[in-house]
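Step one of this worksheet: look at the structure below.
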Amino acid sequence: LLFSSHFLLSKFVYEGQPFLSGFFWIILGGTLAALTLLFSKEVRAGIVGMVLGGRKEKALPVKTGFLLFGKEATAGAAFILQSWAIALVPFGYLAFVHALEGIKYVLLLGLAALLSKTFPSILKEGISKGLMTQKIISIGLIIGGLVLLAFRSRV
């Protein structure tokens, strides 16, 4: 519900503002909304425990650091492009942008299967017949939803 509300409210912002200033206000609003979580004593204690909790892990290997940076950079670029798509589409097609969010799971499944077969030392994905069937059915439901949206928009 909150994710869908974010899409809709973002579209309202982009209707009244140019993309860059609207993006700035959305990021600022999201940051302020996240900071309200600090009003909860339990959340504050959890964050302090994570930050100051006597970490004894070794430093990340350089390869892992590059992979982590690449993942974060890609996620940031995807967020910017998704925001731009929200700014560009009319209200009637906003549901398509939101529904296309589900396509990333198709890519993720394919990438996980490829990595687990090619580099089993890096990623060990437990691929059983039942689990794969469940994942394929889930992806089919996502694609079916997109098809229903496409047919409904033509009517």
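Ligands are numbered from 1 in the order shown, chains are lettered A, B, ... in the order of the structure tokens, and residues start at 1 in each chain.
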Write out as a CSV table (one decimal) with C-alpha atoms, in the first residue's frame each polymer residue whose atoms come within 9 Å of stretch 11-20 of chain A, counting only C-alpha atoms; drop sequence neighbours fewer than 6 positions from it.
chain,number,residue,atom,x,y,z
A,26,ILE,CA,10.6,13.4,-3.0
A,83,SER,CA,11.3,8.1,-11.0
A,84,TRP,CA,11.8,9.5,-14.5
A,86,ILE,CA,6.8,8.1,-13.3
A,87,ALA,CA,7.3,11.7,-14.3
A,88,LEU,CA,6.9,10.9,-18.0
A,89,VAL,CA,3.8,8.6,-18.0
A,90,PRO,CA,0.2,9.9,-17.8
A,91,PHE,CA,-1.8,8.9,-14.7
A,94,LEU,CA,1.1,4.7,-13.9
Practice prompt. Would you mind listing what lies within 12 Å of stretch 98-114 of chain A as a ChimeraX atom specification, with only C-alpha atoms counted and same-chain residues fewer than 5 positions away left out?
Written response: /A:1,3-8,10-11,75,78-79,81-83,85-86,89,91-93,119-120,122-128,131-150
Discussion item. According to DSSP computed on the backbone, where in chain A is there alpha helix (DSSP H)? Give the residues as number ranges by chain.
Written reply: A: 2-16, 19-35, 41-52, 62-88, 94-99, 104-118, 129-154
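Between atom CA of A:Ala77 and atom CA of A:Ile27 lies a distance of 14.0 Å.
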